[in-house]
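Chemist: So here's my_file_8.txt (compact mmCIF, C-alpha atoms).
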```txt
# COMPACT_ATOMS: atom_id res chain seq x y z
CA MET A 116 -19.12 -28.01 -7.56
CA SER A 117 -17.34 -24.97 -8.94
CA SER A 118 -17.34 -24.21 -12.66
CA PHE A 119 -16.20 -21.38 -14.89
CA THR A 120 -19.37 -19.47 -14.00
CA THR A 121 -18.78 -19.39 -10.24
CA ILE A 122 -16.30 -17.69 -7.93
CA SER A 123 -15.42 -18.58 -4.35
CA SER A 124 -15.85 -16.20 -1.43
CA ASP A 125 -12.09 -16.09 -0.85
CA LYS A 126 -11.38 -15.09 -4.45
CA LEU A 127 -14.13 -12.49 -4.45
CA ALA A 128 -12.79 -10.99 -1.21
CA ARG A 129 -9.48 -10.37 -2.99
CA LEU A 130 -11.26 -8.34 -5.70
CA ILE A 131 -13.43 -6.15 -3.49
CA GLY A 132 -11.97 -2.71 -2.88
CA THR A 133 -9.71 -2.81 -5.92
CA ALA A 134 -10.00 -0.55 -8.96
CA ASN A 135 -10.89 -3.47 -11.25
CA ALA A 136 -13.47 -5.08 -8.97
CA PRO A 137 -16.50 -6.53 -10.75
CA ALA A 138 -19.99 -5.20 -10.27
CA LEU A 139 -21.53 -7.05 -7.31
CA ILE A 140 -25.25 -7.71 -7.57
CA ASP A 141 -27.35 -9.09 -4.72
CA VAL A 142 -30.63 -10.65 -5.91
CA ARG A 143 -31.87 -12.18 -2.66
CA THR A 144 -35.63 -12.12 -2.29
CA GLU A 145 -37.12 -9.35 -0.18
CA GLU A 146 -37.95 -11.97 2.46
CA ASP A 147 -34.36 -13.22 2.61
CA PHE A 148 -32.99 -9.67 2.63
CA ALA A 149 -35.35 -8.68 5.45
CA ALA A 150 -33.93 -11.53 7.54
CA ASP A 151 -30.40 -10.10 7.20
CA ARG A 152 -30.15 -6.62 5.69
CA ARG A 153 -26.39 -6.65 5.39
CA LEU A 154 -24.64 -6.72 2.03
CA ILE A 155 -21.34 -7.99 0.74
CA PRO A 156 -19.27 -4.76 0.59
CA GLY A 157 -19.71 -2.89 -2.67
CA SER A 158 -22.90 -4.74 -3.63
CA ILE A 159 -25.97 -3.32 -5.33
CA LYS A 160 -29.35 -4.76 -4.32
CA LEU A 161 -31.49 -5.49 -7.38
CA SER A 162 -34.43 -7.75 -8.18
CA HIS A 163 -34.12 -10.88 -10.30
CA ASP A 164 -37.67 -10.27 -11.52
CA ASN A 165 -36.72 -7.51 -13.95
CA VAL A 166 -33.14 -8.34 -14.89
CA PRO A 167 -33.92 -7.81 -18.62
CA ASP A 168 -34.74 -4.18 -17.76
CA TRP A 169 -31.65 -3.29 -15.72
CA GLY A 170 -29.14 -5.81 -17.01
CA ALA A 171 -28.14 -3.89 -20.13
CA ALA A 172 -26.59 -1.20 -17.95
CA PHE A 173 -23.82 -3.71 -17.09
CA ALA A 174 -23.07 -4.66 -20.72
CA GLY A 175 -19.36 -4.97 -21.39
CA ARG A 176 -18.56 -5.35 -17.69
CA THR A 177 -17.80 -8.21 -15.35
CA ALA A 178 -20.39 -8.97 -12.67
CA ILE A 179 -20.76 -11.36 -9.74
CA VAL A 180 -24.31 -12.28 -8.76
CA SER A 181 -25.26 -13.59 -5.33
CA CYS A 182 -28.50 -14.81 -3.83
CA LEU A 183 -29.03 -16.55 -0.50
CA ARG A 184 -27.25 -19.80 -1.39
CA GLY A 185 -25.98 -19.26 -4.93
CA ALA A 186 -28.71 -21.38 -6.54
CA LYS A 187 -31.58 -20.61 -8.91
CA LEU A 188 -31.91 -16.83 -8.46
CA ALA A 189 -28.23 -16.11 -8.90
CA GLN A 190 -27.76 -18.71 -11.64
CA GLY A 191 -30.76 -17.46 -13.60
CA THR A 192 -29.84 -13.80 -13.21
CA ALA A 193 -26.25 -14.47 -14.31
CA ALA A 194 -27.49 -16.41 -17.34
CA TRP A 195 -29.73 -13.48 -18.31
CA LEU A 196 -26.84 -11.06 -17.87
CA ARG A 197 -24.66 -13.14 -20.18
CA GLN A 198 -27.41 -12.88 -22.77
CA LEU A 199 -27.10 -9.10 -22.42
CA GLY A 200 -23.35 -9.01 -22.94
CA VAL A 201 -22.22 -9.13 -19.31
CA ALA A 202 -19.41 -11.43 -18.19
CA ALA A 203 -21.45 -12.72 -15.25
CA GLU A 204 -20.54 -15.30 -12.63
CA THR A 205 -22.24 -16.37 -9.43
CA LEU A 206 -20.90 -16.46 -5.89
CA ASP A 207 -20.39 -20.10 -4.92
CA GLY A 208 -22.68 -20.77 -1.95
CA GLY A 209 -24.13 -17.26 -2.13
CA PHE A 210 -24.59 -14.87 0.76
CA GLU A 211 -24.67 -17.70 3.29
CA ALA A 212 -21.24 -18.98 2.23
CA TRP A 213 -19.80 -15.47 2.51
CA LYS A 214 -21.28 -15.10 5.98
CA GLU A 215 -20.07 -18.53 7.09
CA ALA A 216 -16.55 -17.54 6.01
CA LYS A 217 -16.83 -14.61 8.48
CA LEU A 218 -16.00 -12.07 5.80
CA PRO A 219 -17.06 -8.41 6.25
CA LEU A 220 -20.70 -7.48 5.72
CA LEU A 221 -21.94 -3.94 5.17
CA ASP A 222 -24.54 -2.69 7.66
CA THR A 223 -27.13 -1.14 5.32
CA ARG A 224 -29.02 0.39 8.25
CA LYS A 225 -26.34 3.10 8.33
CA LEU A 226 -26.75 4.03 4.67
CA PRO A 227 -28.34 7.39 3.85
CA PRO A 228 -31.49 7.42 1.69
CA ARG A 229 -30.96 6.71 -2.00
CA ASP A 230 -32.01 9.02 -4.82
CA ALA A 231 -34.33 8.11 -7.70
CA LYS A 232 -31.44 6.35 -9.46
CA GLY A 233 -30.59 4.25 -6.43
CA ARG A 234 -27.47 6.22 -5.45
CA THR A 235 -26.46 7.51 -2.05
CA VAL A 236 -25.68 11.23 -2.05
CA TRP A 237 -23.09 12.84 0.23
CA VAL A 238 -22.08 16.45 0.83
CA THR A 239 -18.98 17.98 2.40
CA ARG A 240 -16.73 21.04 2.35
CA ALA A 241 -15.05 22.10 -0.86
CA ARG A 242 -11.26 21.96 -1.38
CA PRO A 243 -10.69 18.50 0.12
CA LYS A 244 -7.33 17.38 1.45
CA VAL A 245 -7.22 14.00 3.25
CA ASP A 246 -10.41 12.77 4.96
CA ARG A 247 -12.69 14.27 2.30
CA ILE A 248 -10.92 12.24 -0.40
CA ALA A 249 -10.35 9.12 1.71
CA CYS A 250 -14.03 8.82 2.68
CA PRO A 251 -15.38 9.03 -0.89
CA TRP A 252 -12.81 6.42 -1.91
CA LEU A 253 -14.01 4.13 0.89
CA ILE A 254 -17.65 4.66 -0.05
CA ARG A 255 -17.11 4.08 -3.77
CA ARG A 256 -14.99 0.97 -3.24
CA PHE A 257 -16.82 -0.71 -0.32
CA VAL A 258 -20.23 0.90 0.25
CA ASP A 259 -21.88 2.31 -2.88
CA PRO A 260 -19.96 2.25 -6.18
CA ASN A 261 -22.41 4.77 -7.67
CA ALA A 262 -22.32 7.27 -4.79
CA VAL A 263 -22.52 10.98 -5.62
CA PHE A 264 -20.39 13.58 -3.81
CA LEU A 265 -21.24 17.27 -3.57
CA PHE A 266 -18.52 19.74 -2.55
CA VAL A 267 -19.87 23.08 -1.30
CA ALA A 268 -18.92 26.06 0.85
CA PRO A 269 -18.41 25.03 4.51
CA SER A 270 -21.34 27.13 5.73
CA GLU A 271 -23.69 25.45 3.23
CA VAL A 272 -22.94 21.78 3.89
CA VAL A 273 -25.85 21.17 6.27
CA PRO A 274 -28.40 23.31 4.34
CA VAL A 275 -27.45 21.59 1.08
CA GLY A 276 -27.77 18.23 2.78
CA GLU A 277 -31.28 19.10 3.92
CA ARG A 278 -32.45 20.47 0.57
CA PHE A 279 -30.84 17.79 -1.61
CA ASN A 280 -31.30 14.80 0.71
CA ALA A 281 -27.53 14.34 0.98
CA ALA A 282 -25.61 13.00 3.97
CA PRO A 283 -23.15 15.58 5.36
CA PHE A 284 -19.72 14.30 6.35
CA ASP A 285 -16.45 15.53 7.78
CA ILE A 286 -17.85 18.67 9.41
CA GLU A 287 -18.62 19.33 13.06
CA ASN A 288 -21.83 18.19 14.76
CA VAL A 289 -22.94 15.60 12.21
CA PHE A 290 -23.05 11.79 12.44
CA TRP A 291 -20.29 11.17 9.89
CA SER A 292 -17.47 13.14 11.48
CA HIS A 293 -14.47 12.93 13.81
CA ARG A 294 -15.04 11.24 17.18
CA GLY A 295 -12.34 11.75 19.77
CA GLU A 296 -9.05 10.74 18.20
CA LEU A 297 -10.79 9.02 15.29
CA CYS A 298 -11.19 10.77 11.96
CA THR A 299 -14.23 10.37 9.71
CA PHE A 300 -12.60 7.56 7.75
CA ASP A 301 -12.22 5.54 10.98
CA VAL A 302 -15.84 6.21 11.90
CA MET A 303 -17.15 5.00 8.54
CA ILE A 304 -15.21 1.75 8.74
CA GLU A 305 -16.56 1.13 12.24
CA GLU A 306 -20.18 2.14 11.60
CA PHE A 307 -20.50 0.22 8.35
CA GLY A 308 -18.90 -2.88 9.90
CA ILE A 309 -16.37 -3.38 7.11
CA ALA A 310 -13.13 -3.52 9.09
CA THR A 311 -10.36 -5.66 7.64
CA PRO A 312 -6.66 -5.66 8.56
CA ALA A 313 -5.85 -3.75 5.38
CA LEU A 314 -8.52 -1.10 5.92
CA LEU A 315 -7.54 -0.65 9.55
CA ARG A 316 -3.91 -0.18 8.53
CA LEU A 317 -4.98 2.37 5.93
CA ALA A 318 -7.14 4.10 8.54
CA THR A 319 -4.06 4.61 10.70
CA LEU A 320 -2.30 6.30 7.78
CA VAL A 321 -5.32 8.51 7.07
CA ARG A 322 -5.66 9.46 10.74
CA GLY A 323 -1.99 10.33 10.98
CA ALA A 324 -2.14 12.48 7.85
CA ASP A 325 -5.47 14.12 8.67
CA THR A 326 -4.87 14.93 12.35
CA ALA A 327 -1.21 16.00 12.30
CA ARG A 328 -0.06 12.73 13.91
CA PRO A 329 2.87 11.60 11.73
CA ASP A 330 4.00 9.41 14.64
CA LEU A 331 1.11 7.01 14.00
CA ALA A 332 2.72 5.53 10.89
CA PRO A 333 5.90 6.32 8.96
CA GLU A 334 3.86 6.46 5.74
CA ALA A 335 1.44 9.13 7.06
CA PRO A 336 3.66 12.11 6.08
CA GLY A 337 3.91 10.72 2.55
CA LEU A 338 0.12 10.43 2.31
CA LEU A 339 -0.23 13.99 3.56
CA ALA A 340 2.33 15.28 1.06
CA ALA A 341 0.61 13.50 -1.84
CA SER A 342 -2.80 14.77 -0.70
CA LEU A 343 -1.62 18.37 -0.45
CA GLY A 344 0.06 18.05 -3.81
CA LEU A 345 -3.19 16.89 -5.42
CA SER A 346 -5.05 19.82 -3.87
CA ARG A 347 -2.60 22.18 -5.59
CA MET A 348 -2.78 20.36 -8.92
CA TYR A 349 -6.57 20.48 -9.29
CA ASP A 350 -8.91 23.45 -9.03
CA ASP A 351 -11.95 21.22 -9.63
CA ASP A 352 -12.82 19.13 -6.57
CA LEU A 353 -14.35 16.31 -8.63
CA GLU A 354 -11.24 16.06 -10.80
CA GLN A 355 -9.17 15.95 -7.63
CA LEU A 356 -11.40 13.18 -6.30
CA GLU A 357 -10.86 11.09 -9.43
CA ALA A 358 -7.09 11.52 -9.11
CA GLY A 359 -7.32 10.74 -5.41
CA MET A 360 -9.10 7.45 -6.14
CA LEU A 361 -5.92 6.19 -7.81
CA LEU A 362 -3.82 7.42 -4.88
CA TYR A 363 -5.92 5.51 -2.35
CA ASP A 364 -6.10 2.46 -4.60
CA ALA A 365 -2.31 2.36 -4.43
CA PHE A 366 -2.12 2.89 -0.66
CA TYR A 367 -4.82 0.25 -0.09
CA ARG A 368 -2.97 -2.34 -2.16
CA TRP A 369 0.21 -1.56 -0.24
CA CYS A 370 -1.66 -1.99 3.05
CA ARG A 371 -3.11 -5.29 1.89
CA ASP A 372 -0.33 -6.87 -0.15
CA ALA A 373 3.03 -5.15 0.10
CA THR A 374 3.84 -3.98 3.62
CA GLY A 375 6.58 -6.57 3.96
CA GLU A 376 8.23 -5.73 0.67
CA THR A 377 11.36 -3.57 0.62
CA HIS A 378 13.37 -2.02 -2.15
CA ASN A 379 17.13 -2.18 -1.67
CA TRP A 380 19.47 -0.74 -4.25
CA PRO A 381 22.29 -3.24 -4.95
CA THR A 382 25.45 -2.40 -3.04
CA ASN A 383 28.49 -1.86 -5.23
CA LYS A 384 31.18 -4.33 -4.38
CA VAL A 385 34.63 -2.84 -4.07
CA LYS A 386 37.34 -5.03 -5.45
CA ALA A 387 40.33 -5.60 -3.22
```
Could the structure of this file be written out as structure tokens, please?

Modeler:
Amino acid sequence: MSSFTTISSDKLARLIGTANAPALIDVRTEEDFAADRRLIPGSIKLSHDNVPDWGAAFAGRTAIVSCLRGAKLAQGTAAWLRQLGVAAETLDGGFEAWKEAKLPLLDTRKLPPRDAKGRTVWVTRARPKVDRIACPWLIRRFVDPNAVFLFVAPSEVVPVGERFNAAPFDIENVFWSHRGELCTFDVMIEEFGIATPALLRLATLVRGADTARPDLAPEAPGLLAASLGLSRMYDDDLEQLEAGMLLYDAFYRWCRDATGETHNWPTNKVKA
């Protein structure tokens, strides 16, 4: 039975990918995780054993905790988090309920190695425009909310990746790059297994803007114009990325919730 400390899979799915999404914490046992190494998109895998040690980092935030079936591990972890000042709920039915609802699950086998702080690290060319802002947005919102992005000279992307254990993306001859008519954003959605109607619609916009195909969607030229405008407004790539997060938050919400909405200025009636 649901209570004020639980949330349904359907309601959680509406929060994932949005700017105000809660922290998602997966506390399945190592045995349960080994049986299915996928994660609810945007989740962090942590152990219930030492929640007093890591829980304080979420103080003042909202968190959703899931275990295999939403029982003792999730309930106990959430209770501990509330002791530490976290507004913590549990996922009703846990990971199994999410899976039974046929909601997207992140393929963790495709994730690059994590650093000492548990973050994935990515590297790409400096002065981003479309794909190199869209992909970090996708990663932060659906893959790893704590991901780190390094922007370097084009010739140094691969060497920096090797020296700093960072995954190169959106350059030629690497795994995370364009494939045929698909741009890197498309590839990440496909490889991570997180396709939804809204993300696929957004991917069409990104592809149209990134590959000079405005015919793919009428909104693609607008995304390109906004992206080029941001690149002129910011000299610092990380500042541009932060501004771009808001841009893609807005386009994602349009793709998910507002494609049927129109804005018509009232027509003035002429008196006879």

Chemist: Please list as a PyMOL selection string every residue within 7 Å of Asp285 (chain A), counting only C-alpha atoms and excluding residues in the same chain fewer than 4 positions away.

Modeler: chain A and resi 239+247+291-293+299

Chemist: Out of A:Glu271, A:Asp151, A:Asp246, A:Glu204, which residue has the shortest atom-to-atom distance to Tyr363 (chain A) when counting all atoms listed in the file?

Modeler: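 Checking each candidate against Tyr363 (chain A), we get A:Asp246 as the closest.
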
Chemist: Residues near Pro137 (chain A), anyone? I mean within 8 Å using all atoms listed in the file, not counting same-chain ones fewer than 6 positions away, as a PDB file with C-alpha atoms, keeping the file's coordinate frame.

Modeler:
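Output (selection.pdb):
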```pdb
ATOM      1  CA  LEU A 130     -11.260  -8.340  -5.700  1.00  0.00           C
ATOM      2  CA  ILE A 131     -13.430  -6.150  -3.490  1.00  0.00           C
ATOM      3  CA  ARG A 176     -18.560  -5.350 -17.690  1.00  0.00           C
ATOM      4  CA  THR A 177     -17.800  -8.210 -15.350  1.00  0.00           C
ATOM      5  CA  ALA A 178     -20.390  -8.970 -12.670  1.00  0.00           C
ATOM      6  CA  ILE A 179     -20.760 -11.360  -9.740  1.00  0.00           C
TER       7      ILE A 179
END
```

Chemist: Might you pull out every residue within 10 Å of Ser162 (chain A), with all atoms listed in the file counted and same-chain residues fewer than 4 positions away left off, and present them as a JSON list (two decimals) with C-alpha atoms, keeping the file's coordinate frame?

Modeler:
```
[["chain", "number", "residue", "atom", "x", "y", "z"],
["A", 140, "ILE", "CA", -25.25, -7.71, -7.57],
["A", 141, "ASP", "CA", -27.35, -9.09, -4.72],
["A", 142, "VAL", "CA", -30.63, -10.65, -5.91],
["A", 143, "ARG", "CA", -31.87, -12.18, -2.66],
["A", 144, "THR", "CA", -35.63, -12.12, -2.29],
["A", 145, "GLU", "CA", -37.12, -9.35, -0.18],
["A", 166, "VAL", "CA", -33.14, -8.34, -14.89],
["A", 169, "TRP", "CA", -31.65, -3.29, -15.72],
["A", 188, "LEU", "CA", -31.91, -16.83, -8.46],
["A", 192, "THR", "CA", -29.84, -13.80, -13.21]]
```

Chemist: Rounded to one decimal place, report the CA of Cys250 (chain A)-CA of Met303 (chain A) distance in Å.

Modeler: 7.7 Å

Chemist: When you count all atoms listed in the file, which of these residues is closest to Leu127 (chain A): A:Trp213, A:Asp351, A:Leu199, A:Phe148?

Modeler: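 For Leu127 (chain A), the nearest of the given residues is A:Trp213.
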
Chemist: Ranking A:Ala332, A:Ala128, A:Ile155, A:Ala313 by minimum distance to Tyr367 (chain A) and counting all atoms listed in the file, which one comes first?

Modeler: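 So, comparing all the options, the nearest one is A:Ala313.
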
Chemist: From the list A:Phe210, A:Trp380, A:Phe366, A:Phe257, which residue is nearest Val321 (chain A) when using all atoms listed in the file?

Modeler: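 Smallest separation from Val321 (chain A) among the options: A:Phe366.
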
Chemist: Please identify all polymer residues lying at most 12 Å from the point (-12.0, 0.5, 7.4) (file coordinates), using all atoms listed in the file, and present the result as JSON, numbers by chain.

Modeler: {"A": [132, 156, 219, 220, 221, 249, 250, 252, 253, 254, 256, 257, 258, 297, 298, 299, 300, 301, 302, 303, 304, 305, 306, 307, 308, 309, 310, 311, 312, 313, 314, 315, 316, 317, 318, 319, 320, 321, 322, 367, 370, 371]}

Chemist: Near Ala281 (chain A), counting only C-alpha atoms, which residues have an atom at most 9 Å away, once you skip same-chain residues fewer than 3 positions from it, shown as a PyMOL selection string?

Modeler: chain A and resi 227-229+235-238+263-265+273+275-278

Chemist: With distances taken over only C-alpha atoms, which of A:Asp164, A:Arg255, A:Val272, A:Thr133 is nearest to Ala365 (chain A)?

Modeler: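 The shortest atom-to-atom distance to Ala365 (chain A) comes from A:Thr133.
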
Chemist: What separation in Å, quoted to one decimal, exists between CA of Arg197 (chain A) and CA of Thr120 (chain A)?

Modeler: 10.3 Å

Chemist: Kindly give the distance, in Å, that separates CA of Ala212 (chain A) and CA of Val180 (chain A), rounded to a single decimal.

Modeler: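 Atom-to-atom, CA of Ala212 (chain A) and CA of Val180 (chain A) are spaced 13.2 Å apart.
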
Chemist: Using the incomplete input, complete region 314-338 of chain A to the level of N, CA, C and O atoms; output as a JSON list (two decimals), in the coordinates of the input.

Modeler:
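Listing of selection-v5.json after writing:
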```json
[["chain", "number", "residue", "atom", "x", "y", "z"],
["A", 314, "LEU", "N", -7.84, -2.37, 5.74],
["A", 314, "LEU", "CA", -8.52, -1.10, 5.92],
["A", 314, "LEU", "C", -8.14, -0.44, 7.24],
["A", 314, "LEU", "O", -8.01, 0.79, 7.32],
["A", 315, "LEU", "N", -7.95, -1.23, 8.27],
["A", 315, "LEU", "CA", -7.54, -0.65, 9.55],
["A", 315, "LEU", "C", -6.13, -0.07, 9.47],
["A", 315, "LEU", "O", -5.83, 0.96, 10.08],
["A", 316, "ARG", "N", -5.25, -0.72, 8.73],
["A", 316, "ARG", "CA", -3.91, -0.18, 8.53],
["A", 316, "ARG", "C", -3.99, 1.13, 7.75],
["A", 316, "ARG", "O", -3.33, 2.11, 8.10],
["A", 317, "LEU", "N", -4.81, 1.14, 6.70],
["A", 317, "LEU", "CA", -4.98, 2.37, 5.93],
["A", 317, "LEU", "C", -5.59, 3.47, 6.78],
["A", 317, "LEU", "O", -5.20, 4.64, 6.66],
["A", 318, "ALA", "N", -6.53, 3.11, 7.66],
["A", 318, "ALA", "CA", -7.14, 4.10, 8.54],
["A", 318, "ALA", "C", -6.10, 4.77, 9.43],
["A", 318, "ALA", "O", -6.20, 5.97, 9.72],
["A", 319, "THR", "N", -5.12, 4.02, 9.88],
["A", 319, "THR", "CA", -4.06, 4.61, 10.70],
["A", 319, "THR", "C", -3.28, 5.64, 9.90],
["A", 319, "THR", "O", -2.95, 6.73, 10.41],
["A", 320, "LEU", "N", -3.00, 5.34, 8.64],
["A", 320, "LEU", "CA", -2.30, 6.30, 7.78],
["A", 320, "LEU", "C", -3.14, 7.56, 7.58],
["A", 320, "LEU", "O", -2.64, 8.69, 7.68],
["A", 321, "VAL", "N", -4.44, 7.36, 7.30],
["A", 321, "VAL", "CA", -5.32, 8.51, 7.07],
["A", 321, "VAL", "C", -5.42, 9.36, 8.33],
["A", 321, "VAL", "O", -5.33, 10.59, 8.27],
["A", 322, "ARG", "N", -5.57, 8.71, 9.48],
["A", 322, "ARG", "CA", -5.66, 9.46, 10.74],
["A", 322, "ARG", "C", -4.39, 10.25, 11.01],
["A", 322, "ARG", "O", -4.43, 11.41, 11.42],
["A", 323, "GLY", "N", -3.25, 9.63, 10.77],
["A", 323, "GLY", "CA", -1.99, 10.33, 10.98],
["A", 323, "GLY", "C", -1.84, 11.53, 10.08],
["A", 323, "GLY", "O", -1.38, 12.60, 10.50],
["A", 324, "ALA", "N", -2.25, 11.38, 8.80],
["A", 324, "ALA", "CA", -2.14, 12.48, 7.85],
["A", 324, "ALA", "C", -3.17, 13.57, 8.11],
["A", 324, "ALA", "O", -2.89, 14.76, 7.94],
["A", 325, "ASP", "N", -4.36, 13.17, 8.54],
["A", 325, "ASP", "CA", -5.47, 14.12, 8.67],
["A", 325, "ASP", "C", -5.44, 14.89, 9.99],
["A", 325, "ASP", "O", -6.00, 15.97, 10.08],
["A", 326, "THR", "N", -4.82, 14.30, 11.02],
["A", 326, "THR", "CA", -4.87, 14.93, 12.35],
["A", 326, "THR", "C", -3.49, 15.34, 12.86],
["A", 326, "THR", "O", -3.29, 15.49, 14.07],
["A", 327, "ALA", "N", -2.56, 15.55, 11.93],
["A", 327, "ALA", "CA", -1.21, 16.00, 12.30],
["A", 327, "ALA", "C", -0.56, 15.07, 13.30],
["A", 327, "ALA", "O", 0.03, 15.50, 14.29],
["A", 328, "ARG", "N", -0.68, 13.74, 13.06],
["A", 328, "ARG", "CA", -0.06, 12.73, 13.91],
["A", 328, "ARG", "C", 0.87, 11.85, 13.07],
["A", 328, "ARG", "O", 0.61, 10.67, 12.86],
["A", 329, "PRO", "N", 1.97, 12.41, 12.56],
["A", 329, "PRO", "CA", 2.87, 11.60, 11.73],
["A", 329, "PRO", "C", 3.50, 10.45, 12.49],
["A", 329, "PRO", "O", 4.03, 9.51, 11.88],
["A", 330, "ASP", "N", 3.44, 10.48, 13.83],
["A", 330, "ASP", "CA", 4.00, 9.41, 14.64],
["A", 330, "ASP", "C", 3.19, 8.12, 14.55],
["A", 330, "ASP", "O", 3.69, 7.05, 14.93],
["A", 331, "LEU", "N", 1.95, 8.19, 14.05],
["A", 331, "LEU", "CA", 1.11, 7.01, 14.00],
["A", 331, "LEU", "C", 1.60, 5.98, 12.99],
["A", 331, "LEU", "O", 1.41, 4.78, 13.18],
["A", 332, "ALA", "N", 2.20, 6.44, 11.90],
["A", 332, "ALA", "CA", 2.72, 5.53, 10.89],
["A", 332, "ALA", "C", 3.76, 6.27, 10.07],
["A", 332, "ALA", "O", 3.55, 7.44, 9.71],
["A", 333, "PRO", "N", 4.87, 5.64, 9.74],
["A", 333, "PRO", "CA", 5.90, 6.32, 8.96],
["A", 333, "PRO", "C", 5.44, 6.75, 7.58],
["A", 333, "PRO", "O", 6.03, 7.66, 6.97],
["A", 334, "GLU", "N", 4.36, 6.11, 7.07],
["A", 334, "GLU", "CA", 3.86, 6.46, 5.74],
["A", 334, "GLU", "C", 2.91, 7.66, 5.76],
["A", 334, "GLU", "O", 2.57, 8.21, 4.72],
["A", 335, "ALA", "N", 2.42, 8.05, 6.96],
["A", 335, "ALA", "CA", 1.44, 9.13, 7.06],
["A", 335, "ALA", "C", 1.95, 10.44, 6.46],
["A", 335, "ALA", "O", 1.19, 11.12, 5.74],
["A", 336, "PRO", "N", 3.19, 10.87, 6.71],
["A", 336, "PRO", "CA", 3.66, 12.11, 6.08],
["A", 336, "PRO", "C", 3.65, 12.04, 4.56],
["A", 336, "PRO", "O", 3.37, 13.04, 3.88],
["A", 337, "GLY", "N", 3.95, 10.87, 4.00],
["A", 337, "GLY", "CA", 3.91, 10.72, 2.55],
["A", 337, "GLY", "C", 2.51, 10.86, 2.01],
["A", 337, "GLY", "O", 2.29, 11.49, 0.96],
["A", 338, "LEU", "N", 1.51, 10.28, 2.73],
["A", 338, "LEU", "CA", 0.12, 10.43, 2.31],
["A", 338, "LEU", "C", -0.31, 11.88, 2.38],
["A", 338, "LEU", "O", -0.99, 12.38, 1.47]]
```
